[in-house]
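Chemist: My file is data.cif. It has mmCIF, C-alpha atoms:
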```cif
data_structure
loop_
_atom_site.label_atom_id
_atom_site.label_comp_id
_atom_site.auth_asym_id
_atom_site.auth_seq_id
_atom_site.Cartn_x
_atom_site.Cartn_y
_atom_site.Cartn_z
CA MET A 1 152.47 -171.86 241.78
CA TRP A 2 150.41 -169.03 243.28
CA SER A 3 150.96 -165.38 244.12
CA SER A 4 151.80 -165.74 247.82
CA ILE A 5 154.82 -168.01 247.15
CA GLN A 6 158.07 -166.09 247.58
CA SER A 7 160.64 -168.91 247.55
CA VAL A 8 161.16 -172.60 246.85
CA LYS A 9 163.83 -174.25 248.97
CA THR A 10 165.55 -177.57 248.19
CA PRO A 11 166.95 -179.12 251.40
CA ALA A 12 170.00 -181.37 251.32
CA SER A 13 168.70 -183.73 254.02
CA PHE A 14 165.54 -184.77 255.84
CA ASP A 15 166.82 -182.96 258.94
CA GLU A 16 167.03 -179.72 256.98
CA ALA A 17 163.65 -180.38 255.39
CA LEU A 18 161.99 -180.78 258.80
CA ALA A 19 163.60 -177.58 260.08
CA LEU A 20 162.51 -175.58 257.03
CA GLY A 21 159.04 -177.13 256.90
CA SER A 22 158.33 -176.47 260.57
CA LYS A 23 157.95 -172.73 259.96
CA PRO A 24 154.29 -171.59 259.98
CA SER A 25 154.56 -169.97 256.53
CA ALA A 26 156.26 -173.00 254.90
CA ALA A 27 154.94 -176.25 253.46
CA LEU A 28 156.63 -179.46 252.37
CA ILE A 29 156.06 -180.37 248.73
CA ALA A 30 156.66 -183.60 246.83
CA GLY A 31 154.23 -183.58 243.89
CA GLY A 32 152.40 -180.44 244.93
CA SER A 33 148.99 -181.02 243.35
CA TYR A 34 147.08 -180.59 246.63
CA LEU A 35 148.94 -177.39 247.53
CA VAL A 36 148.40 -175.89 244.10
CA ARG A 37 144.70 -176.73 244.30
CA GLU A 38 144.29 -175.14 247.72
CA LYS A 39 146.48 -172.05 247.05
CA ASN A 40 146.77 -171.27 250.76
CA THR A 41 147.72 -167.58 250.93
CA THR A 42 149.45 -168.04 254.32
CA ILE A 43 152.11 -170.21 252.65
CA HIS A 44 155.09 -168.16 251.44
CA ALA A 45 157.82 -170.82 251.11
CA LEU A 46 157.77 -174.30 249.61
CA VAL A 47 160.23 -176.96 250.74
CA ASP A 48 160.81 -179.39 247.87
CA ILE A 49 161.55 -182.84 249.32
CA HIS A 50 161.02 -184.73 246.07
CA PRO A 51 164.79 -185.16 245.38
CA LEU A 52 165.22 -186.78 248.81
CA LEU A 53 162.47 -189.38 248.43
CA ASP A 54 162.94 -193.03 247.46
CA LYS A 55 161.33 -193.75 244.09
CA ASN A 56 161.71 -197.54 244.01
CA ILE A 57 159.14 -200.34 244.07
CA LYS A 58 160.32 -203.70 245.46
CA LEU A 59 157.93 -206.64 245.10
CA ASP A 60 158.40 -210.29 246.01
CA GLU A 61 156.11 -213.13 247.02
CA HIS A 62 155.43 -211.97 250.56
CA SER A 63 156.46 -208.31 250.64
CA LEU A 64 155.87 -205.04 248.83
CA TYR A 65 157.89 -201.88 249.47
CA ILE A 66 157.06 -198.60 247.74
CA GLY A 67 159.23 -195.52 248.15
CA ALA A 68 157.33 -192.43 249.19
CA GLY A 69 158.44 -190.61 246.04
CA VAL A 70 156.77 -193.11 243.70
CA THR A 71 153.94 -191.42 241.81
CA LEU A 72 150.45 -192.84 241.58
CA GLN A 73 150.88 -193.26 237.83
CA GLN A 74 154.13 -195.19 238.33
CA MET A 75 152.22 -197.59 240.56
CA ILE A 76 149.63 -198.10 237.82
CA ASP A 77 152.36 -198.67 235.22
CA SER A 78 154.26 -201.14 237.45
CA ASP A 79 153.74 -204.85 238.13
CA LEU A 80 151.19 -204.17 240.89
CA ASN A 81 148.02 -204.72 238.85
CA GLN A 82 147.29 -208.09 240.47
CA THR A 83 148.47 -207.14 243.96
CA PHE A 84 145.52 -207.20 246.38
CA ASP A 85 143.49 -208.62 243.47
CA GLY A 86 143.85 -205.33 241.63
CA TRP A 87 141.89 -203.31 244.18
CA MET A 88 144.73 -200.93 245.06
CA ILE A 89 145.26 -199.96 241.41
CA ARG A 90 141.52 -199.47 240.88
CA ALA A 91 141.41 -197.32 244.03
CA ILE A 92 144.25 -195.16 242.68
CA LYS A 93 142.39 -194.53 239.41
CA TRP A 94 139.17 -193.68 241.25
CA SER A 95 140.87 -191.38 243.73
CA CYS A 96 142.61 -189.40 240.98
CA TYR A 97 140.90 -189.57 237.60
CA SER A 98 143.47 -187.40 235.74
CA LYS A 99 146.60 -189.15 234.49
CA ASN A 100 148.44 -185.81 234.44
CA ILE A 101 147.76 -185.29 238.14
CA ARG A 102 148.62 -188.95 238.93
CA ASN A 103 152.02 -188.22 237.37
CA GLN A 104 152.50 -185.53 240.04
CA ARG A 105 150.99 -187.12 243.13
CA THR A 106 153.23 -189.37 245.21
CA LEU A 107 152.12 -192.21 247.44
CA GLY A 108 153.77 -190.55 250.43
CA GLY A 109 151.97 -187.30 249.73
CA GLU A 110 148.62 -189.08 249.37
CA ILE A 111 149.07 -190.68 252.79
CA ALA A 112 150.25 -187.41 254.35
CA GLN A 113 147.15 -185.60 253.00
CA ASN A 114 144.90 -188.36 254.42
CA GLN A 115 141.85 -187.26 252.44
CA ALA A 116 138.66 -188.99 253.59
CA ASN A 117 137.26 -188.98 250.05
CA SER A 118 140.30 -190.80 248.61
CA GLU A 119 139.51 -194.38 247.60
CA LEU A 120 143.21 -195.13 247.96
CA MET A 121 143.26 -193.96 251.57
CA VAL A 122 140.08 -195.91 252.35
CA ILE A 123 141.68 -199.15 251.16
CA LEU A 124 145.04 -198.33 252.79
CA ARG A 125 143.32 -198.03 256.15
CA ILE A 126 142.27 -201.67 255.77
CA LEU A 127 145.64 -202.88 254.48
CA ASN A 128 147.31 -200.86 257.30
CA PRO A 129 150.86 -200.92 255.90
CA VAL A 130 153.94 -200.11 257.94
CA ILE A 131 155.13 -196.64 257.00
CA HIS A 132 158.73 -195.51 257.28
CA VAL A 133 158.89 -192.01 258.73
CA PHE A 134 161.68 -189.57 259.46
CA ASN A 135 160.80 -187.37 262.44
CA GLY A 136 164.35 -186.72 263.65
CA ASP A 137 164.84 -190.48 263.78
CA ASN A 138 163.98 -193.15 261.24
CA ILE A 139 160.95 -195.02 262.59
CA LYS A 140 158.58 -197.68 261.29
CA ILE A 141 154.97 -197.57 262.43
CA PRO A 142 151.61 -199.01 261.32
CA LEU A 143 149.60 -196.47 259.36
CA HIS A 144 146.74 -196.33 261.87
CA LEU A 145 149.15 -195.35 264.68
CA TRP A 146 150.96 -192.54 262.85
CA ASP A 147 150.31 -189.11 264.35
CA GLY A 148 151.03 -187.25 261.11
CA ILE A 149 154.35 -185.85 262.36
CA GLY A 150 157.43 -186.30 260.19
CA ILE A 151 158.20 -187.13 256.56
CA ILE A 152 157.06 -190.43 255.07
CA THR A 153 160.00 -192.09 253.28
CA GLY A 154 158.56 -195.49 252.38
CA ILE A 155 155.61 -197.86 252.73
CA HIS A 156 155.83 -201.60 253.41
CA PHE A 157 153.00 -204.09 252.83
CA ASN A 158 152.94 -207.64 254.19
CA LEU A 159 151.67 -209.86 251.35
CA TYR A 160 151.73 -213.03 253.43
CA PHE A 161 148.03 -212.62 254.28
CA LYS A 162 145.54 -212.91 251.43
CA TYR A 163 142.88 -210.25 251.96
CA ASP A 164 139.37 -210.88 250.63
CA LEU A 165 138.81 -207.27 249.57
CA THR A 166 135.95 -205.44 247.95
CA LEU A 167 135.26 -201.73 247.48
CA LYS A 168 132.24 -199.77 246.31
CA ARG A 169 131.98 -196.04 245.66
CA PHE A 170 129.07 -193.69 245.09
CA SER A 171 129.49 -190.54 243.00
CA VAL A 172 127.49 -188.44 240.55
CA LEU A 173 129.90 -189.37 237.74
CA GLU A 174 132.68 -191.95 237.59
CA SER A 175 135.17 -189.10 237.21
CA ALA A 176 133.68 -187.10 240.11
CA PRO A 177 134.84 -187.43 243.74
CA ALA A 178 132.87 -190.03 245.67
CA TYR A 179 130.53 -188.83 248.41
CA LEU A 180 130.48 -192.35 249.93
CA ILE A 181 133.19 -195.03 249.78
CA ILE A 182 132.87 -198.41 251.46
CA CYS A 183 135.63 -201.01 251.58
CA ALA A 184 135.54 -204.36 253.38
CA SER A 185 137.91 -207.26 253.93
CA ILE A 186 137.57 -210.66 255.56
CA LEU A 187 140.68 -212.26 257.04
CA LYS A 188 141.06 -215.08 259.56
CA GLY A 189 137.43 -214.97 260.68
CA GLU A 190 137.40 -211.20 261.15
CA PHE A 191 135.94 -208.46 259.00
CA THR A 192 137.27 -204.93 258.68
CA ILE A 193 135.29 -202.13 257.09
CA SER A 194 136.61 -198.74 256.08
CA VAL A 195 134.23 -195.94 255.12
CA GLY A 196 135.10 -192.60 253.56
CA GLY A 197 133.55 -189.90 251.43
CA ASN A 198 132.22 -186.49 252.47
CA ILE A 199 133.28 -186.88 256.09
CA ASP A 200 136.11 -185.47 258.20
CA HIS A 201 137.89 -188.76 258.95
CA ILE A 202 137.80 -192.27 257.55
CA PHE A 203 135.77 -194.65 259.75
CA VAL A 204 137.31 -198.08 260.45
CA GLN A 205 135.69 -200.97 262.35
CA THR A 206 136.76 -204.58 262.94
CA GLY A 207 134.70 -207.49 264.25
CA SER A 208 134.03 -211.22 264.09
CA ILE A 209 132.49 -212.36 260.82
CA ASP A 210 130.69 -215.15 262.70
CA ASN A 211 128.64 -212.58 264.62
CA ILE A 212 127.68 -210.42 261.67
CA GLY A 213 124.02 -210.26 260.67
CA ARG A 214 121.40 -207.73 259.70
CA ASP A 215 121.02 -206.44 263.27
CA GLN A 216 124.76 -205.88 263.58
CA ILE A 217 124.88 -204.16 260.18
CA ASP A 218 121.96 -201.91 261.18
CA SER A 219 123.89 -200.93 264.31
CA LEU A 220 127.07 -200.32 262.28
CA SER A 221 125.23 -198.16 259.76
CA GLN A 222 123.69 -196.06 262.55
CA ASN A 223 127.17 -195.44 263.94
CA ILE A 224 128.66 -194.63 260.54
CA ILE A 225 125.91 -192.26 259.39
CA LYS A 226 126.63 -189.97 262.36
CA ARG A 227 129.78 -188.90 260.50
CA PHE A 228 127.84 -187.71 257.44
CA SER A 229 125.58 -184.76 256.69
CA ALA A 230 122.64 -184.33 254.36
CA ASP A 231 123.73 -182.50 251.21
CA GLN A 232 123.09 -182.29 247.47
CA HIS A 233 124.01 -185.96 247.14
CA GLY A 234 121.18 -187.16 249.35
CA SER A 235 119.53 -187.27 252.75
CA LEU A 236 120.95 -189.12 255.74
CA ASP A 237 118.24 -191.77 255.36
CA TYR A 238 119.29 -192.35 251.76
CA LYS A 239 122.99 -192.61 252.63
CA GLN A 240 122.25 -194.94 255.53
CA TYR A 241 120.30 -197.17 253.17
CA LEU A 242 123.31 -197.27 250.82
CA ILE A 243 125.60 -198.19 253.72
CA GLN A 244 123.28 -200.93 255.01
CA HIS A 245 122.68 -202.47 251.58
CA THR A 246 126.39 -202.38 250.65
CA LEU A 247 127.57 -203.93 253.92
CA GLN A 248 124.99 -206.69 253.60
CA GLU A 249 126.30 -207.48 250.11
CA MET A 250 129.90 -207.45 251.33
CA LEU A 251 129.63 -209.29 254.63
CA ILE A 252 126.59 -211.59 254.58
CA PRO A 253 126.94 -214.69 252.32
#
```
Transcribe the structure of this file into structure tokens.

Modeler:
Amino acid sequence: MWSSIQSVKTPASFDEALALGSKPSAALIAGGSYLVREKNTTIHALVDIHPLLDKNIKLDEHSLYIGAGVTLQQMIDSDLNQTFDGWMIRAIKWSCYSKNIRNQRTLGGEIAQNQANSELMVILRILNPVIHVFNGDNIKIPLHLWDGIGIITGIHFNLYFKYDLTLKRFSVLESAPAYLIICASILKGEFTISVGGNIDHIFVQTGSIDNIGRDQIDSLSQNIIKRFSADQHGSLDYKQYLIQHTLQEMLIP
């Protein structure tokens, strides 16, 4: 761990976990890779919820359930390679290049961290699964409506709809974090785009595919680029060009 950690507590229930984790100097831990990386010196107690979490994957023709304790590597090693045309598995590999770290990181923890430069989170914002959360009660809520309060216990995907998905990432190296991630889907005459990278929050927009054209994409790119900053990866003009060109490839036949 790191020098500021004084104790590791293992709660017997989610109720106990919430009570212990609500203290300002405590943090919930499942895999722990993000906490170890950050080494926040204000954290003095870790609350290990990993033993409480469901670690099962249940897949049938129209439904996919993944327990929050399932690791990213377990997802890769499972029968999910063709689910969502393989895009979710590719997004997992891009978002965490190290197999050793994927063996630590859990799906529930990845969602709870909600990193904007995670390819997995960018695609999950489009798939918008129903997450099972314990916040004193057991609730089920679409991902985009969750306020971040509580412990994720499971994730449910509706496979009845066949998403036409595509994702493109921009990074210095394939193994390096992406500074721009763009994902798009087309379903029932509507498009949804999800954009992440070096921004504070993932941008999501939905609209009619019948109305999409270069003017609409120019307007979208102008709205998206406001979330970014110029940095060592390129100017705002350069990043806006990448966004425009990518969206045209994804959305205009």

Chemist: Do you know which residues are at most 10 Å from range 95-107 of chain A counting all atoms listed in the file, after dropping those on the same chain fewer than 3 positions away, and could you put them as an mmCIF file with C-alpha atoms, in the coordinates of the input?

Modeler:
```
data_model
loop_
_atom_site.group_PDB
_atom_site.id
_atom_site.type_symbol
_atom_site.label_atom_id
_atom_site.label_comp_id
_atom_site.auth_asym_id
_atom_site.auth_seq_id
_atom_site.Cartn_x
_atom_site.Cartn_y
_atom_site.Cartn_z
ATOM 1 C CA ALA A 30 156.660 -183.600 246.830
ATOM 2 C CA GLY A 31 154.230 -183.580 243.890
ATOM 3 C CA GLY A 32 152.400 -180.440 244.930
ATOM 4 C CA SER A 33 148.990 -181.020 243.350
ATOM 5 C CA TYR A 34 147.080 -180.590 246.630
ATOM 6 C CA HIS A 50 161.020 -184.730 246.070
ATOM 7 C CA LEU A 53 162.470 -189.380 248.430
ATOM 8 C CA LYS A 55 161.330 -193.750 244.090
ATOM 9 C CA ILE A 66 157.060 -198.600 247.740
ATOM 10 C CA GLY A 67 159.230 -195.520 248.150
ATOM 11 C CA ALA A 68 157.330 -192.430 249.190
ATOM 12 C CA GLY A 69 158.440 -190.610 246.040
ATOM 13 C CA VAL A 70 156.770 -193.110 243.700
ATOM 14 C CA THR A 71 153.940 -191.420 241.810
ATOM 15 C CA LEU A 72 150.450 -192.840 241.580
ATOM 16 C CA GLN A 73 150.880 -193.260 237.830
ATOM 17 C CA GLN A 74 154.130 -195.190 238.330
ATOM 18 C CA MET A 75 152.220 -197.590 240.560
ATOM 19 C CA ILE A 76 149.630 -198.100 237.820
ATOM 20 C CA ILE A 89 145.260 -199.960 241.410
ATOM 21 C CA ARG A 90 141.520 -199.470 240.880
ATOM 22 C CA ALA A 91 141.410 -197.320 244.030
ATOM 23 C CA ILE A 92 144.250 -195.160 242.680
ATOM 24 C CA GLU A 110 148.620 -189.080 249.370
ATOM 25 C CA ILE A 111 149.070 -190.680 252.790
ATOM 26 C CA ALA A 112 150.250 -187.410 254.350
ATOM 27 C CA GLN A 113 147.150 -185.600 253.000
ATOM 28 C CA GLN A 115 141.850 -187.260 252.440
ATOM 29 C CA ASN A 117 137.260 -188.980 250.050
ATOM 30 C CA SER A 118 140.300 -190.800 248.610
ATOM 31 C CA GLU A 119 139.510 -194.380 247.600
ATOM 32 C CA LEU A 120 143.210 -195.130 247.960
ATOM 33 C CA MET A 121 143.260 -193.960 251.570
ATOM 34 C CA VAL A 122 140.080 -195.910 252.350
ATOM 35 C CA ILE A 152 157.060 -190.430 255.070
ATOM 36 C CA THR A 153 160.000 -192.090 253.280
ATOM 37 C CA GLY A 154 158.560 -195.490 252.380
ATOM 38 C CA ILE A 155 155.610 -197.860 252.730
ATOM 39 C CA GLU A 174 132.680 -191.950 237.590
ATOM 40 C CA SER A 175 135.170 -189.100 237.210
ATOM 41 C CA ALA A 176 133.680 -187.100 240.110
ATOM 42 C CA PRO A 177 134.840 -187.430 243.740
ATOM 43 C CA ALA A 178 132.870 -190.030 245.670
#
```

Chemist: Which residues fall under the PyMOL selection byres ((chain A and resi 243) around 9) in this file, as a PyMOL selection string?

Modeler: chain A and resi 180+182+217+220-221+224-225+238-242+244-248

Chemist: So which residues get picked by the PyMOL selection byres ((chain A and resi 144-150) around 7) here, written as a list in words?

Modeler: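 On this input, the PyMOL selection byres ((chain A and resi 144-150) around 7) captures Ala112, Arg125, Asn128, Val133, Phe134, Asn135, Ile141, Pro142, Leu143, Ile151 and Ile152 of chain A.
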
Chemist: Taking (162.1, -182.6, 257.0) as a centre in this file's frame and 8 Å as the limit, can you find every polymer residue with an atom that close, using all atoms listed in the file, and give them as a ChimeraX atom specification?

Modeler: /A:13-21,28,49,134-135,150-151

Chemist: From the options A:Asp218, A:Asp200, A:Asp237, A:Asp48, which residue's atoms come nearest to Ala27 in chain A, counting only C-alpha atoms?

Modeler: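 Comparing A:Asp218, A:Asp200, A:Asp237, A:Asp48 against Ala27 in chain A, the winner is A:Asp48.
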
Chemist: Rounded to one decimal place, report the CA of Glu190 in chain A-CA of Leu165 in chain A distance in Å.

Modeler: 12.3 Å

Chemist: Please, which residues are within 9 Å of (131.6, -188.4, 254.6) by the file's coordinates, counting all atoms listed in the file, and could they come as a list in words?

Modeler: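 It turns out the residues near that spot are Ala116, Asn117, Tyr179, Leu180, Ile181, Val195, Gly196, Gly197, Asn198, Ile199, Asp200, His201, Ile202, Ile225, Arg227, Phe228 and Ser229 of chain A.
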
Chemist: Name the residues that the PyMOL selection byres ((chain A and resi 212) around 10) picks from the file above, as a list in words, using the file's chain letters and numbers.

Modeler: Glu190, Phe191, Gly207, Ser208, Ile209, Asp210, Asn211, Gly213, Arg214, Asp215, Gln216, Ile217, Gln248, Leu251 and Ile252 of chain A

Chemist: Taking 6 positions as the minimum chain separation for residues in the same chain, which residues sit within 6 Å of Ile193 in chain A when counting all atoms listed in the file? Answer as a ChimeraX atom specification.

Modeler: /A:183-184,204-205

Chemist: Closest to Val172 in chain A among A:Thr41, A:Thr10, A:Gln232, A:Ser63, using only C-alpha atoms?

Modeler: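 Counting only C-alpha atoms, the residue closest to Val172 in chain A is A:Gln232.
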
Chemist: Could you please determine the separation between CA of Gln82 in chain A and CA of Asn114 in chain A in Å, to one decimal place?

Modeler: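 So the answer is 24.3 Å.
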
Chemist: Closest to Asn158 in chain A among A:Leu173, A:Ile186, A:Ile131, A:Leu64, using only C-alpha atoms?

Modeler: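 Using only C-alpha atoms, Asn158 in chain A sits closest to A:Leu64.
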
Chemist: How would range 171-184 of chain A look with N, CA and C atoms restored, written as a PDB file, keeping the file's coordinate frame?

Modeler:
```pdb
ATOM      1  N   SER A 171     129.191-191.886 243.473  1.00  0.00           N
ATOM      2  CA  SER A 171     129.490-190.540 243.000  1.00  0.00           C
ATOM      3  C   SER A 171     128.512-190.183 241.901  1.00  0.00           C
ATOM      4  N   VAL A 172     128.402-188.896 241.602  1.00  0.00           N
ATOM      5  CA  VAL A 172     127.490-188.440 240.550  1.00  0.00           C
ATOM      6  C   VAL A 172     127.963-188.943 239.192  1.00  0.00           C
ATOM      7  N   LEU A 173     129.269-188.851 238.947  1.00  0.00           N
ATOM      8  CA  LEU A 173     129.900-189.370 237.740  1.00  0.00           C
ATOM      9  C   LEU A 173     131.096-190.213 238.149  1.00  0.00           C
ATOM     10  N   GLU A 174     131.514-191.124 237.270  1.00  0.00           N
ATOM     11  CA  GLU A 174     132.680-191.950 237.590  1.00  0.00           C
ATOM     12  C   GLU A 174     133.916-191.084 237.813  1.00  0.00           C
ATOM     13  N   SER A 175     134.011-189.978 237.089  1.00  0.00           N
ATOM     14  CA  SER A 175     135.170-189.100 237.210  1.00  0.00           C
ATOM     15  C   SER A 175     135.054-188.100 238.353  1.00  0.00           C
ATOM     16  N   ALA A 176     133.900-188.054 239.010  1.00  0.00           N
ATOM     17  CA  ALA A 176     133.680-187.100 240.110  1.00  0.00           C
ATOM     18  C   ALA A 176     134.103-187.718 241.439  1.00  0.00           C
ATOM     19  N   PRO A 177     134.509-186.893 242.414  1.00  0.00           N
ATOM     20  CA  PRO A 177     134.840-187.430 243.740  1.00  0.00           C
ATOM     21  C   PRO A 177     133.655-188.162 244.350  1.00  0.00           C
ATOM     22  N   ALA A 178     133.933-189.254 245.046  1.00  0.00           N
ATOM     23  CA  ALA A 178     132.870-190.030 245.670  1.00  0.00           C
ATOM     24  C   ALA A 178     132.388-189.354 246.948  1.00  0.00           C
ATOM     25  N   TYR A 179     131.075-189.359 247.149  1.00  0.00           N
ATOM     26  CA  TYR A 179     130.530-188.830 248.410  1.00  0.00           C
ATOM     27  C   TYR A 179     130.390-189.933 249.452  1.00  0.00           C
ATOM     28  N   LEU A 180     130.509-191.211 249.005  1.00  0.00           N
ATOM     29  CA  LEU A 180     130.480-192.350 249.930  1.00  0.00           C
ATOM     30  C   LEU A 180     131.355-193.452 249.354  1.00  0.00           C
ATOM     31  N   ILE A 181     132.283-193.945 250.166  1.00  0.00           N
ATOM     32  CA  ILE A 181     133.190-195.030 249.780  1.00  0.00           C
ATOM     33  C   ILE A 181     133.148-196.082 250.870  1.00  0.00           C
ATOM     34  N   ILE A 182     132.917-197.324 250.478  1.00  0.00           N
ATOM     35  CA  ILE A 182     132.870-198.410 251.460  1.00  0.00           C
ATOM     36  C   ILE A 182     133.799-199.527 250.996  1.00  0.00           C
ATOM     37  N   CYS A 183     134.706-199.914 251.868  1.00  0.00           N
ATOM     38  CA  CYS A 183     135.630-201.010 251.580  1.00  0.00           C
ATOM     39  C   CYS A 183     135.531-202.023 252.713  1.00  0.00           C
ATOM     40  N   ALA A 184     135.618-203.306 252.369  1.00  0.00           N
ATOM     41  CA  ALA A 184     135.540-204.360 253.380  1.00  0.00           C
ATOM     42  C   ALA A 184     136.552-205.448 253.056  1.00  0.00           C
TER      43      ALA A 184
END
```
